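A.B. asks: Dropping in structure-v6.pdb, with PDB, C-alpha atoms and all ligand atoms.
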MODEL        1
ATOM      1  CA  MET O  28    -160.318 -25.385 -29.648  1.00  0.00           C
ATOM      2  CA  THR O  29    -159.489 -23.096 -32.550  1.00  0.00           C
ATOM      3  CA  VAL O  30    -156.703 -20.603 -33.080  1.00  0.00           C
ATOM      4  CA  LEU O  31    -157.637 -17.122 -34.285  1.00  0.00           C
ATOM      5  CA  ALA O  32    -155.423 -15.394 -36.850  1.00  0.00           C
ATOM      6  CA  THR O  33    -153.886 -13.009 -34.288  1.00  0.00           C
ATOM      7  CA  GLU O  34    -153.168 -15.978 -31.992  1.00  0.00           C
ATOM      8  CA  LEU O  35    -151.776 -17.937 -34.929  1.00  0.00           C
ATOM      9  CA  ASN O  36    -149.206 -15.252 -35.637  1.00  0.00           C
ATOM     10  CA  GLU O  37    -148.052 -15.267 -32.001  1.00  0.00           C
ATOM     11  CA  SER O  38    -148.191 -19.048 -31.712  1.00  0.00           C
ATOM     12  CA  ILE O  39    -145.957 -19.500 -34.745  1.00  0.00           C
ATOM     13  CA  ARG O  40    -143.427 -16.992 -33.386  1.00  0.00           C
ATOM     14  CA  ARG O  41    -143.368 -18.699 -29.984  1.00  0.00           C
ATOM     15  CA  SER O  42    -142.963 -22.152 -31.519  1.00  0.00           C
ATOM     16  CA  LEU O  43    -140.098 -21.019 -33.767  1.00  0.00           C
ATOM     17  CA  THR O  44    -138.303 -19.606 -30.746  1.00  0.00           C
ATOM     18  CA  GLU O  45    -138.566 -23.122 -29.255  1.00  0.00           C
ATOM     19  CA  LEU O  46    -137.513 -24.829 -32.496  1.00  0.00           C
ATOM     20  CA  VAL O  47    -134.202 -22.953 -32.598  1.00  0.00           C
ATOM     21  CA  ARG O  48    -133.183 -24.909 -29.478  1.00  0.00           C
ATOM     22  CA  TYR O  49    -132.919 -27.971 -31.726  1.00  0.00           C
ATOM     23  CA  ALA O  50    -130.620 -26.301 -34.283  1.00  0.00           C
ATOM     24  CA  ASP O  51    -127.468 -28.072 -33.049  1.00  0.00           C
ATOM     25  CA  GLU O  52    -129.170 -31.475 -33.081  1.00  0.00           C
ATOM     26  CA  LEU O  53    -130.354 -30.858 -36.649  1.00  0.00           C
ATOM     27  CA  ARG O  54    -126.905 -29.650 -37.717  1.00  0.00           C
ATOM     28  CA  ASP O  55    -125.281 -32.790 -36.280  1.00  0.00           C
ATOM     29  CA  LEU O  56    -127.790 -35.156 -37.907  1.00  0.00           C
ATOM     30  CA  ASP O  57    -127.355 -33.344 -41.242  1.00  0.00           C
ATOM     31  CA  GLN O  58    -123.577 -33.421 -40.860  1.00  0.00           C
ATOM     32  CA  ALA O  59    -123.688 -37.216 -40.639  1.00  0.00           C
ATOM     33  CA  LEU O  60    -125.936 -37.584 -43.697  1.00  0.00           C
ATOM     34  CA  GLY O  61    -125.516 -34.396 -45.725  1.00  0.00           C
ATOM     35  CA  ASP O  62    -123.769 -31.061 -45.628  1.00  0.00           C
ATOM     36  CA  GLY O  63    -124.688 -30.010 -42.102  1.00  0.00           C
ATOM     37  CA  ASP O  64    -126.527 -26.857 -43.136  1.00  0.00           C
ATOM     38  CA  LEU O  65    -129.901 -27.795 -41.669  1.00  0.00           C
ATOM     39  CA  GLY O  66    -129.147 -26.226 -38.287  1.00  0.00           C
ATOM     40  CA  ILE O  67    -128.403 -22.873 -39.901  1.00  0.00           C
ATOM     41  CA  THR O  68    -131.317 -23.233 -42.342  1.00  0.00           C
ATOM     42  CA  VAL O  69    -133.680 -23.661 -39.421  1.00  0.00           C
ATOM     43  CA  SER O  70    -132.224 -20.937 -37.216  1.00  0.00           C
ATOM     44  CA  LEU O  71    -131.910 -18.296 -39.979  1.00  0.00           C
ATOM     45  CA  GLY O  72    -135.328 -19.280 -41.322  1.00  0.00           C
ATOM     46  CA  ALA O  73    -136.959 -19.069 -37.898  1.00  0.00           C
ATOM     47  CA  THR O  74    -135.439 -15.653 -37.206  1.00  0.00           C
ATOM     48  CA  ALA O  75    -136.588 -14.332 -40.599  1.00  0.00           C
ATOM     49  CA  VAL O  76    -140.124 -15.679 -40.162  1.00  0.00           C
ATOM     50  CA  ILE O  77    -140.426 -14.182 -36.673  1.00  0.00           C
ATOM     51  CA  ALA O  78    -139.334 -10.774 -38.025  1.00  0.00           C
ATOM     52  CA  ALA O  79    -141.776 -10.983 -40.953  1.00  0.00           C
ATOM     53  CA  LEU O  80    -144.695 -11.957 -38.704  1.00  0.00           C
ATOM     54  CA  GLU O  81    -143.985  -9.060 -36.353  1.00  0.00           C
ATOM     55  CA  GLU O  82    -144.526  -6.719 -39.316  1.00  0.00           C
ATOM     56  CA  LEU O  83    -147.907  -8.175 -40.321  1.00  0.00           C
ATOM     57  CA  PRO O  84    -151.062  -6.225 -39.460  1.00  0.00           C
ATOM     58  CA  ASP O  85    -153.439  -7.721 -36.873  1.00  0.00           C
ATOM     59  CA  ALA O  86    -156.029  -8.118 -39.634  1.00  0.00           C
ATOM     60  CA  ALA O  87    -153.848 -10.604 -41.554  1.00  0.00           C
ATOM     61  CA  THR O  88    -155.726 -13.826 -42.318  1.00  0.00           C
ATOM     62  CA  PRO O  89    -154.315 -17.305 -41.611  1.00  0.00           C
ATOM     63  CA  ALA O  90    -153.545 -17.680 -45.338  1.00  0.00           C
ATOM     64  CA  GLU O  91    -151.665 -14.371 -45.386  1.00  0.00           C
ATOM     65  CA  ILE O  92    -149.728 -15.391 -42.279  1.00  0.00           C
ATOM     66  CA  ALA O  93    -148.731 -18.700 -43.887  1.00  0.00           C
ATOM     67  CA  LYS O  94    -147.684 -16.919 -47.102  1.00  0.00           C
ATOM     68  CA  ALA O  95    -145.533 -14.498 -45.118  1.00  0.00           C
ATOM     69  CA  CYS O  96    -143.856 -17.487 -43.412  1.00  0.00           C
ATOM     70  CA  ALA O  97    -143.152 -19.102 -46.789  1.00  0.00           C
ATOM     71  CA  LYS O  98    -141.630 -15.978 -48.275  1.00  0.00           C
ATOM     72  CA  ALA O  99    -139.449 -15.208 -45.259  1.00  0.00           C
ATOM     73  CA  PHE O 100    -138.256 -18.805 -44.897  1.00  0.00           C
ATOM     74  CA  ALA O 101    -137.321 -19.071 -48.586  1.00  0.00           C
ATOM     75  CA  ASN O 102    -135.497 -15.729 -48.615  1.00  0.00           C
ATOM     76  CA  ALA O 103    -133.579 -16.396 -45.393  1.00  0.00           C
ATOM     77  CA  ASN O 104    -131.237 -18.906 -47.009  1.00  0.00           C
ATOM     78  CA  PRO O 105    -130.577 -20.583 -50.344  1.00  0.00           C
ATOM     79  CA  SER O 106    -130.849 -24.260 -49.323  1.00  0.00           C
ATOM     80  CA  THR O 107    -132.980 -26.828 -51.141  1.00  0.00           C
ATOM     81  CA  MET O 108    -134.715 -27.657 -47.871  1.00  0.00           C
ATOM     82  CA  ALA O 109    -135.705 -23.992 -47.406  1.00  0.00           C
ATOM     83  CA  ALA O 110    -137.158 -23.855 -50.929  1.00  0.00           C
ATOM     84  CA  LEU O 111    -139.083 -27.105 -50.436  1.00  0.00           C
ATOM     85  CA  VAL O 112    -140.471 -26.081 -47.046  1.00  0.00           C
ATOM     86  CA  ALA O 113    -141.470 -22.667 -48.430  1.00  0.00           C
ATOM     87  CA  GLY O 114    -143.277 -24.355 -51.335  1.00  0.00           C
ATOM     88  CA  GLY O 115    -145.046 -26.611 -48.849  1.00  0.00           C
ATOM     89  CA  LEU O 116    -146.130 -23.620 -46.759  1.00  0.00           C
ATOM     90  CA  LEU O 117    -147.495 -21.877 -49.870  1.00  0.00           C
ATOM     91  CA  ALA O 118    -149.409 -24.989 -50.916  1.00  0.00           C
ATOM     92  CA  GLY O 119    -150.789 -25.222 -47.381  1.00  0.00           C
ATOM     93  CA  SER O 120    -151.838 -21.560 -47.430  1.00  0.00           C
ATOM     94  CA  LYS O 121    -154.013 -22.252 -50.490  1.00  0.00           C
ATOM     95  CA  THR O 122    -156.134 -24.643 -48.400  1.00  0.00           C
ATOM     96  CA  TRP O 123    -156.856 -21.729 -46.029  1.00  0.00           C
ATOM     97  CA  THR O 124    -158.418 -19.340 -48.546  1.00  0.00           C
ATOM     98  CA  ASP O 125    -161.704 -19.294 -46.618  1.00  0.00           C
ATOM     99  CA  THR O 126    -160.232 -20.134 -43.217  1.00  0.00           C
ATOM    100  CA  THR O 127    -160.589 -17.516 -40.478  1.00  0.00           C
ATOM    101  CA  GLU O 128    -159.865 -19.808 -37.499  1.00  0.00           C
ATOM    102  CA  VAL O 129    -157.445 -22.708 -37.546  1.00  0.00           C
ATOM    103  CA  ASP O 130    -158.862 -25.910 -36.073  1.00  0.00           C
ATOM    104  CA  VAL O 131    -157.609 -29.513 -36.235  1.00  0.00           C
ATOM    105  CA  ALA O 132    -159.229 -30.081 -39.637  1.00  0.00           C
ATOM    106  CA  ALA O 133    -157.638 -26.917 -41.049  1.00  0.00           C
ATOM    107  CA  ALA O 134    -154.232 -27.928 -39.682  1.00  0.00           C
ATOM    108  CA  ALA O 135    -154.655 -31.380 -41.236  1.00  0.00           C
ATOM    109  CA  ARG O 136    -155.550 -29.871 -44.639  1.00  0.00           C
ATOM    110  CA  PHE O 137    -152.563 -27.564 -44.489  1.00  0.00           C
ATOM    111  CA  ILE O 138    -150.047 -30.256 -43.565  1.00  0.00           C
ATOM    112  CA  ARG O 139    -151.424 -32.748 -46.107  1.00  0.00           C
ATOM    113  CA  ALA O 140    -151.229 -30.190 -48.954  1.00  0.00           C
ATOM    114  CA  GLY O 141    -147.777 -29.048 -47.828  1.00  0.00           C
ATOM    115  CA  GLY O 142    -146.518 -32.628 -47.732  1.00  0.00           C
ATOM    116  CA  ALA O 143    -147.996 -33.398 -51.149  1.00  0.00           C
ATOM    117  CA  ASN O 144    -146.260 -30.334 -52.600  1.00  0.00           C
ATOM    118  CA  ILE O 145    -142.916 -31.285 -51.044  1.00  0.00           C
ATOM    119  CA  GLY O 146    -143.293 -34.813 -52.394  1.00  0.00           C
ATOM    120  CA  GLN O 147    -144.044 -33.533 -55.874  1.00  0.00           C
ATOM    121  CA  ARG O 148    -141.378 -30.839 -56.081  1.00  0.00           C
ATOM    122  CA  GLY O 149    -138.755 -32.942 -54.328  1.00  0.00           C
ATOM    123  CA  LYS O 150    -139.708 -36.026 -56.382  1.00  0.00           C
ATOM    124  CA  THR O 151    -139.932 -37.863 -53.094  1.00  0.00           C
ATOM    125  CA  GLU O 152    -142.103 -40.720 -51.916  1.00  0.00           C
ATOM    126  CA  LEU O 153    -142.807 -42.075 -48.455  1.00  0.00           C
ATOM    127  CA  GLY O 154    -139.932 -44.280 -47.338  1.00  0.00           C
ATOM    128  CA  ASP O 155    -137.272 -42.282 -49.224  1.00  0.00           C
ATOM    129  CA  LYS O 156    -136.029 -41.115 -45.813  1.00  0.00           C
ATOM    130  CA  THR O 157    -136.959 -37.447 -46.032  1.00  0.00           C
ATOM    131  CA  ILE O 158    -139.099 -34.907 -44.172  1.00  0.00           C
ATOM    132  CA  LEU O 159    -142.119 -36.413 -45.955  1.00  0.00           C
ATOM    133  CA  ASP O 160    -141.819 -39.559 -43.815  1.00  0.00           C
ATOM    134  CA  ALA O 161    -142.748 -37.500 -40.730  1.00  0.00           C
ATOM    135  CA  ILE O 162    -145.209 -35.106 -42.391  1.00  0.00           C
ATOM    136  CA  MET O 163    -147.636 -37.653 -43.807  1.00  0.00           C
ATOM    137  CA  PRO O 164    -148.148 -39.759 -40.629  1.00  0.00           C
ATOM    138  CA  ALA O 165    -148.744 -36.493 -38.746  1.00  0.00           C
ATOM    139  CA  ALA O 166    -151.352 -35.482 -41.337  1.00  0.00           C
ATOM    140  CA  ASP O 167    -152.995 -38.907 -40.919  1.00  0.00           C
ATOM    141  CA  ALA O 168    -153.147 -38.392 -37.156  1.00  0.00           C
ATOM    142  CA  LEU O 169    -154.657 -34.904 -37.479  1.00  0.00           C
ATOM    143  CA  GLU O 170    -157.220 -36.136 -40.014  1.00  0.00           C
ATOM    144  CA  ALA O 171    -158.411 -38.616 -37.391  1.00  0.00           C
ATOM    145  CA  GLY O 172    -159.664 -35.511 -35.544  1.00  0.00           C
ATOM    146  CA  GLY O 173    -160.437 -35.165 -31.838  1.00  0.00           C
ATOM    147  CA  ASP O 174    -159.783 -32.202 -29.607  1.00  0.00           C
ATOM    148  CA  ALA O 175    -156.771 -30.062 -30.455  1.00  0.00           C
ATOM    149  CA  VAL O 176    -154.368 -31.291 -27.762  1.00  0.00           C
ATOM    150  CA  THR O 177    -155.219 -34.973 -28.283  1.00  0.00           C
ATOM    151  CA  ALA O 178    -154.814 -34.596 -32.051  1.00  0.00           C
ATOM    152  CA  LEU O 179    -151.524 -32.720 -31.638  1.00  0.00           C
ATOM    153  CA  ASP O 180    -150.196 -35.395 -29.287  1.00  0.00           C
ATOM    154  CA  ALA O 181    -151.200 -38.103 -31.774  1.00  0.00           C
ATOM    155  CA  ALA O 182    -149.421 -36.199 -34.560  1.00  0.00           C
ATOM    156  CA  ILE O 183    -146.272 -35.818 -32.428  1.00  0.00           C
ATOM    157  CA  ALA O 184    -146.288 -39.524 -31.562  1.00  0.00           C
ATOM    158  CA  ALA O 185    -146.796 -40.497 -35.219  1.00  0.00           C
ATOM    159  CA  ALA O 186    -143.972 -38.215 -36.364  1.00  0.00           C
ATOM    160  CA  GLU O 187    -141.659 -39.555 -33.652  1.00  0.00           C
ATOM    161  CA  ARG O 188    -142.348 -43.163 -34.700  1.00  0.00           C
ATOM    162  CA  ALA O 189    -141.618 -42.201 -38.301  1.00  0.00           C
ATOM    163  CA  VAL O 190    -138.361 -40.497 -37.315  1.00  0.00           C
ATOM    164  CA  VAL O 191    -137.182 -43.602 -35.438  1.00  0.00           C
ATOM    165  CA  GLU O 192    -138.129 -45.716 -38.461  1.00  0.00           C
ATOM    166  CA  THR O 193    -135.995 -43.549 -40.788  1.00  0.00           C
ATOM    167  CA  ARG O 194    -132.917 -44.989 -39.039  1.00  0.00           C
ATOM    168  CA  GLY O 195    -133.538 -48.335 -40.745  1.00  0.00           C
ATOM    169  CA  LEU O 196    -134.071 -46.806 -44.188  1.00  0.00           C
ATOM    170  CA  GLN O 197    -131.644 -45.964 -46.965  1.00  0.00           C
ATOM    171  CA  SER O 198    -131.662 -42.316 -48.097  1.00  0.00           C
ATOM    172  CA  ARG O 199    -132.998 -41.995 -51.628  1.00  0.00           C
ATOM    173  CA  ARG O 200    -133.106 -38.233 -52.101  1.00  0.00           C
ATOM    174  CA  GLY O 201    -130.676 -35.353 -51.891  1.00  0.00           C
ATOM    175  CA  ARG O 202    -127.094 -35.354 -50.759  1.00  0.00           C
ATOM    176  CA  ALA O 203    -127.834 -38.100 -48.209  1.00  0.00           C
ATOM    177  CA  SER O 204    -128.499 -40.532 -51.073  1.00  0.00           C
ATOM    178  CA  TRP O 205    -124.815 -40.315 -52.043  1.00  0.00           C
ATOM    179  CA  LEU O 206    -124.049 -42.375 -48.935  1.00  0.00           C
ATOM    180  CA  GLN O 207    -126.160 -45.230 -50.338  1.00  0.00           C
ATOM    181  CA  GLU O 208    -126.295 -48.134 -47.834  1.00  0.00           C
ATOM    182  CA  ARG O 209    -124.042 -46.263 -45.412  1.00  0.00           C
ATOM    183  CA  SER O 210    -127.055 -44.017 -44.765  1.00  0.00           C
ATOM    184  CA  ILE O 211    -128.787 -46.942 -43.034  1.00  0.00           C
ATOM    185  CA  GLY O 212    -128.607 -46.546 -39.260  1.00  0.00           C
ATOM    186  CA  LEU O 213    -128.584 -42.734 -39.397  1.00  0.00           C
ATOM    187  CA  GLN O 214    -131.663 -40.702 -38.455  1.00  0.00           C
ATOM    188  CA  ASP O 215    -133.104 -38.419 -41.117  1.00  0.00           C
ATOM    189  CA  PRO O 216    -132.546 -34.746 -40.246  1.00  0.00           C
ATOM    190  CA  GLY O 217    -135.496 -33.412 -42.280  1.00  0.00           C
ATOM    191  CA  ALA O 218    -138.018 -35.771 -40.685  1.00  0.00           C
ATOM    192  CA  THR O 219    -136.493 -34.926 -37.305  1.00  0.00           C
ATOM    193  CA  ALA O 220    -136.953 -31.188 -37.987  1.00  0.00           C
ATOM    194  CA  PHE O 221    -140.664 -31.633 -38.663  1.00  0.00           C
ATOM    195  CA  TRP O 222    -141.137 -33.732 -35.514  1.00  0.00           C
ATOM    196  CA  ARG O 223    -139.215 -31.148 -33.466  1.00  0.00           C
ATOM    197  CA  TYR O 224    -141.439 -28.420 -34.890  1.00  0.00           C
ATOM    198  CA  LEU O 225    -144.580 -30.194 -33.693  1.00  0.00           C
ATOM    199  CA  GLN O 226    -142.981 -30.633 -30.271  1.00  0.00           C
ATOM    200  CA  SER O 227    -141.995 -26.965 -30.290  1.00  0.00           C
ATOM    201  CA  TRP O 228    -145.568 -25.974 -31.084  1.00  0.00           C
ATOM    202  CA  ARG O 229    -146.749 -28.002 -28.092  1.00  0.00           C
ATOM    203  CA  ALA O 230    -144.097 -26.652 -25.739  1.00  0.00           C
ATOM    204  CA  ALA O 231    -144.801 -23.062 -26.783  1.00  0.00           C
ATOM    205  CA  ASN O 232    -148.566 -23.145 -26.960  1.00  0.00           C
ATOM    206  CA  VAL O 233    -149.975 -26.044 -24.955  1.00  0.00           C
ATOM    207  CA  ALA O 234    -147.685 -26.912 -22.077  1.00  0.00           C
ATOM    208  CA  GLY O 235    -147.950 -23.451 -20.464  1.00  0.00           C
ATOM    209  CA  ALA O 236    -151.710 -23.280 -20.881  1.00  0.00           C
ATOM    210  CA  GLU O 237    -152.117 -26.747 -19.321  1.00  0.00           C
ATOM    211  CA  GLN O 238    -149.920 -25.803 -16.396  1.00  0.00           C
ATOM    212  CA  LEU O 239    -151.908 -22.606 -15.897  1.00  0.00           C
ATOM    213  CA  SER O 240    -155.269 -24.354 -15.961  1.00  0.00           C
ATOM    214  CA  GLY O 241    -153.830 -26.921 -13.506  1.00  0.00           C
ATOM    215  CA  GLU O 242    -152.748 -24.158 -11.155  1.00  0.00           C
ATOM    216  CA  LEU O 243    -156.132 -22.465 -11.389  1.00  0.00           C
ATOM    217  CA  ALA O 244    -158.067 -25.687 -10.823  1.00  0.00           C
TER     218      ALA O 244
HETATM  219 MG    MG S   1    -128.241 -30.089 -45.744  1.00  0.00          MG
ENDMDL
END
Mind turning this structure into structure tokens?
Ligand SMILES: [Mg+2]
C.D. replies:
Amino acid sequence: MTVLATELNESIRRSLTELVRYADELRDLDQALGDGDLGITVSLGATAVIAALEELPDAATPAEIAKACAKAFANANPSTMAALVAGGLLAGSKTWTDTTEVDVAAAARFIRAGGANIGQRGKTELGDKTILDAIMPAADALEAGGDAVTALDAAIAAAERAVVETRGLQSRRGRASWLQERSIGLQDPGATAFWRYLQSWRAANVAGAEQLSGELA
């Protein structure tokens, strides 16, 4: 299964509409560990990306769609997380230069490059209790391949495991690191946001299609 550029645009908009449902959860997790702005970062960013994608021509390529997401997300709010995510999206878009249809391998390339960029710019390594902890296991799962739904489910499961594991870790980056050992026991909001995005993608783009094919069977 592959996603055409026109479908990609719509799929991203649908999944961001789902993601906004998690804004309060993300705000609360970030309140416990940071400044609590992640809920607003995600909801303002999602709204801005949806508006930008609605303006894109049908002929926009996957790389152009990803670049538009990056620009809109960065401009929607001034947080560090928004800047890092936007940089990750731009880095991902560069792996799609020749990509006309997004398949599992293309998604894996995108997420791996995005994670690497976030790690570099955020000076973050795996285990620092950041969004990277969920991104990289998801990239691993997608690189293992398989059909799109199986690979997506594996990526969601890997990200969820990583999110649960962040509870036992001490935050080493950002405002959360100020809490030092008091950060242990709290779930990382950034990693949670990435996991919730994968779940949102599934809810918006897979669950309905599966139900429909079940009803038609
Ligand atoms: Mg914050």
A.B. asks: Counting only C-alpha atoms and all ligand atoms, name the residues that have an atom within 10 Å of an atom of ligand MG 1 (chain S); the answer should be given as a PDB file with C-alpha atoms, keeping the file's coordinate frame.
C.D. replies:
ATOM      1  CA  LEU O  53    -130.354 -30.858 -36.649  1.00  0.00           C
ATOM      2  CA  ARG O  54    -126.905 -29.650 -37.717  1.00  0.00           C
ATOM      3  CA  LEU O  56    -127.790 -35.156 -37.907  1.00  0.00           C
ATOM      4  CA  ASP O  57    -127.355 -33.344 -41.242  1.00  0.00           C
ATOM      5  CA  GLN O  58    -123.577 -33.421 -40.860  1.00  0.00           C
ATOM      6  CA  ALA O  59    -123.688 -37.216 -40.639  1.00  0.00           C
ATOM      7  CA  LEU O  60    -125.936 -37.584 -43.697  1.00  0.00           C
ATOM      8  CA  GLY O  61    -125.516 -34.396 -45.725  1.00  0.00           C
ATOM      9  CA  ASP O  62    -123.769 -31.061 -45.628  1.00  0.00           C
ATOM     10  CA  GLY O  63    -124.688 -30.010 -42.102  1.00  0.00           C
ATOM     11  CA  ASP O  64    -126.527 -26.857 -43.136  1.00  0.00           C
ATOM     12  CA  LEU O  65    -129.901 -27.795 -41.669  1.00  0.00           C
ATOM     13  CA  GLY O  66    -129.147 -26.226 -38.287  1.00  0.00           C
ATOM     14  CA  ILE O  67    -128.403 -22.873 -39.901  1.00  0.00           C
ATOM     15  CA  THR O  68    -131.317 -23.233 -42.342  1.00  0.00           C
ATOM     16  CA  SER O 106    -130.849 -24.260 -49.323  1.00  0.00           C
ATOM     17  CA  THR O 107    -132.980 -26.828 -51.141  1.00  0.00           C
ATOM     18  CA  MET O 108    -134.715 -27.657 -47.871  1.00  0.00           C
ATOM     19  CA  ALA O 109    -135.705 -23.992 -47.406  1.00  0.00           C
ATOM     20  CA  GLY O 201    -130.676 -35.353 -51.891  1.00  0.00           C
ATOM     21  CA  ARG O 202    -127.094 -35.354 -50.759  1.00  0.00           C
ATOM     22  CA  ALA O 203    -127.834 -38.100 -48.209  1.00  0.00           C
ATOM     23  CA  PRO O 216    -132.546 -34.746 -40.246  1.00  0.00           C
ATOM     24  CA  GLY O 217    -135.496 -33.412 -42.280  1.00  0.00           C
TER      25      GLY O 217
END
A.B. asks: I'd like the interatomic distance between CA of Tyr49 (chain O) and CA of Ala185 (chain O), to a tenth of an Å.
C.D. replies: 19.0 Å
A.B. asks: Step by step, work through what the PyMOL selection byres (((chain O and resi 166) around 8) and not hetatm) selects in the shown file, and finish by giving those residues as a compact mmCIF listing (two decimals) with C-alpha atoms, keeping the file's coordinate frame.
C.D. replies:
# COMPACT_ATOMS: atom_id res chain seq x y z
CA ALA O 135 -154.66 -31.38 -41.24
CA ARG O 136 -155.55 -29.87 -44.64
CA ILE O 138 -150.05 -30.26 -43.56
CA ARG O 139 -151.42 -32.75 -46.11
CA ILE O 162 -145.21 -35.11 -42.39
CA MET O 163 -147.64 -37.65 -43.81
CA PRO O 164 -148.15 -39.76 -40.63
CA ALA O 165 -148.74 -36.49 -38.75
CA ASP O 167 -153.00 -38.91 -40.92
CA ALA O 168 -153.15 -38.39 -37.16
CA LEU O 169 -154.66 -34.90 -37.48
CA GLU O 170 -157.22 -36.14 -40.01
CA ALA O 182 -149.42 -36.20 -34.56
A.B. asks: Record the distance separating CA of Ala231 (chain O) and CA of Asp51 (chain O), expressed in Å with one decimal.
C.D. replies: 19.1 Å
A.B. asks: With the PyMOL selection byres (((chain O and resi 47) around 10) and not hetatm) as the selection, what would be picked from this file? Answer as a list in words, please.
C.D. replies: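 Expected selection for the PyMOL selection byres (((chain O and resi 47) around 10) and not hetatm) here is Ser42, Leu43, Thr44, Glu45, Leu46, Arg48, Tyr49, Ala50, Asp51, Glu52, Leu53, Gly66, Ile67, Val69, Ser70, Leu71, Gly72, Ala73, Thr74, Arg223, Tyr224 and Ser227 of chain O.
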A.B. asks: Would you output that residue set with C-alpha atoms, as a tab-separated table (two decimals), keeping the file's coordinate frame?
C.D. replies:
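So out-v1.tsv came out as:
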chain	number	residue	atom	x	y	z
O	42	SER	CA	-142.96	-22.15	-31.52
O	43	LEU	CA	-140.10	-21.02	-33.77
O	44	THR	CA	-138.30	-19.61	-30.75
O	45	GLU	CA	-138.57	-23.12	-29.26
O	46	LEU	CA	-137.51	-24.83	-32.50
O	48	ARG	CA	-133.18	-24.91	-29.48
O	49	TYR	CA	-132.92	-27.97	-31.73
O	50	ALA	CA	-130.62	-26.30	-34.28
O	51	ASP	CA	-127.47	-28.07	-33.05
O	52	GLU	CA	-129.17	-31.48	-33.08
O	53	LEU	CA	-130.35	-30.86	-36.65
O	66	GLY	CA	-129.15	-26.23	-38.29
O	67	ILE	CA	-128.40	-22.87	-39.90
O	69	VAL	CA	-133.68	-23.66	-39.42
O	70	SER	CA	-132.22	-20.94	-37.22
O	71	LEU	CA	-131.91	-18.30	-39.98
O	72	GLY	CA	-135.33	-19.28	-41.32
O	73	ALA	CA	-136.96	-19.07	-37.90
O	74	THR	CA	-135.44	-15.65	-37.21
O	223	ARG	CA	-139.22	-31.15	-33.47
O	224	TYR	CA	-141.44	-28.42	-34.89
O	227	SER	CA	-142.00	-26.96	-30.29
A.B. asks: Expand the PyMOL selection byres (((chain O and resi 211) around 12) and not hetatm) into the individual residues it matches in the shown file, reporting them as a ChimeraX atom specification.
C.D. replies: /O:59-60,155-156,191-199,203-210,212-215
A.B. asks: Show me, as a ChimeraX atom specification, the residues that have an atom within 12 Å of Leu111 (chain O) when counting only C-alpha atoms, minus same-chain residues fewer than 2 positions from it.
C.D. replies: /O:68,97-98,100-101,104-109,113-118,141-151,157-159,201,217
A.B. asks: For the atom pair CA of Ala103 (chain O) and CA of Ala230 (chain O), what is the interatomic distance in Å to one decimal place?
C.D. replies: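 Computing it gives 24.5 Å between the two atoms.
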A.B. asks: Write out as a list in words which residues come within 8 Å of Ala90 (chain O) when counting all atoms listed in the file, dropping same-chain ones fewer than 5 positions away.
C.D. replies: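 My list of contacting residues is Ser120, Lys121, Trp123, Thr124 and Thr126 of chain O.
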A.B. asks: Any chance you could work out the axis-aligned box around region 96-111 of chain O, listed atoms only, 8 Å on each side, giving centre and edge lengths in Å to one decimal, as lines of an AutoDock Vina configuration file?
C.D. replies:
center_x = -137.2
center_y = -21.4
center_z = -47.3
size_x = 29.3
size_y = 28.4
size_z = 23.7
A.B. asks: Using only C-alpha atoms - which residues lie no farther than 12 Å from the point (-141.9, -8.6, -37.0) in the file's frame? Write them as a ChimeraX atom specification.
C.D. replies: /O:36-37,39-40,73-85,92,95-96,99
A.B. asks: Give me a file of those residues, with C-alpha atoms, as a PDB file, keeping the file's coordinate frame.
C.D. replies:
ATOM      1  CA  ASN O  36    -149.206 -15.252 -35.637  1.00  0.00           C
ATOM      2  CA  GLU O  37    -148.052 -15.267 -32.001  1.00  0.00           C
ATOM      3  CA  ILE O  39    -145.957 -19.500 -34.745  1.00  0.00           C
ATOM      4  CA  ARG O  40    -143.427 -16.992 -33.386  1.00  0.00           C
ATOM      5  CA  ALA O  73    -136.959 -19.069 -37.898  1.00  0.00           C
ATOM      6  CA  THR O  74    -135.439 -15.653 -37.206  1.00  0.00           C
ATOM      7  CA  ALA O  75    -136.588 -14.332 -40.599  1.00  0.00           C
ATOM      8  CA  VAL O  76    -140.124 -15.679 -40.162  1.00  0.00           C
ATOM      9  CA  ILE O  77    -140.426 -14.182 -36.673  1.00  0.00           C
ATOM     10  CA  ALA O  78    -139.334 -10.774 -38.025  1.00  0.00           C
ATOM     11  CA  ALA O  79    -141.776 -10.983 -40.953  1.00  0.00           C
ATOM     12  CA  LEU O  80    -144.695 -11.957 -38.704  1.00  0.00           C
ATOM     13  CA  GLU O  81    -143.985  -9.060 -36.353  1.00  0.00           C
ATOM     14  CA  GLU O  82    -144.526  -6.719 -39.316  1.00  0.00           C
ATOM     15  CA  LEU O  83    -147.907  -8.175 -40.321  1.00  0.00           C
ATOM     16  CA  PRO O  84    -151.062  -6.225 -39.460  1.00  0.00           C
ATOM     17  CA  ASP O  85    -153.439  -7.721 -36.873  1.00  0.00           C
ATOM     18  CA  ILE O  92    -149.728 -15.391 -42.279  1.00  0.00           C
ATOM     19  CA  ALA O  95    -145.533 -14.498 -45.118  1.00  0.00           C
ATOM     20  CA  CYS O  96    -143.856 -17.487 -43.412  1.00  0.00           C
ATOM     21  CA  ALA O  99    -139.449 -15.208 -45.259  1.00  0.00           C
TER      22      ALA O  99
END
A.B. asks: Go through O:Val176, O:Glu187, O:Gly154, O:Thr122 and flag the residue nearest Lys94 (chain O), using all atoms listed in the file for the distances.
C.D. replies: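 The answer is O:Thr122, which sits nearest to Lys94 (chain O).
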A.B. asks: Mind listing whatever residues come within 6 Å of the point (-157.5, -13.4, -38.8)? Use only C-alpha atoms, file coordinates, and give them as a PyMOL selection string.
C.D. replies: chain O and resi 31-33+86-89+127
A.B. asks: Kindly indicate which residue among O:Ala161, O:Leu225, O:Val30, O:Ala110 lies nearest to Ala186 (chain O), using only C-alpha atoms for the distances.
C.D. replies: O:Ala161
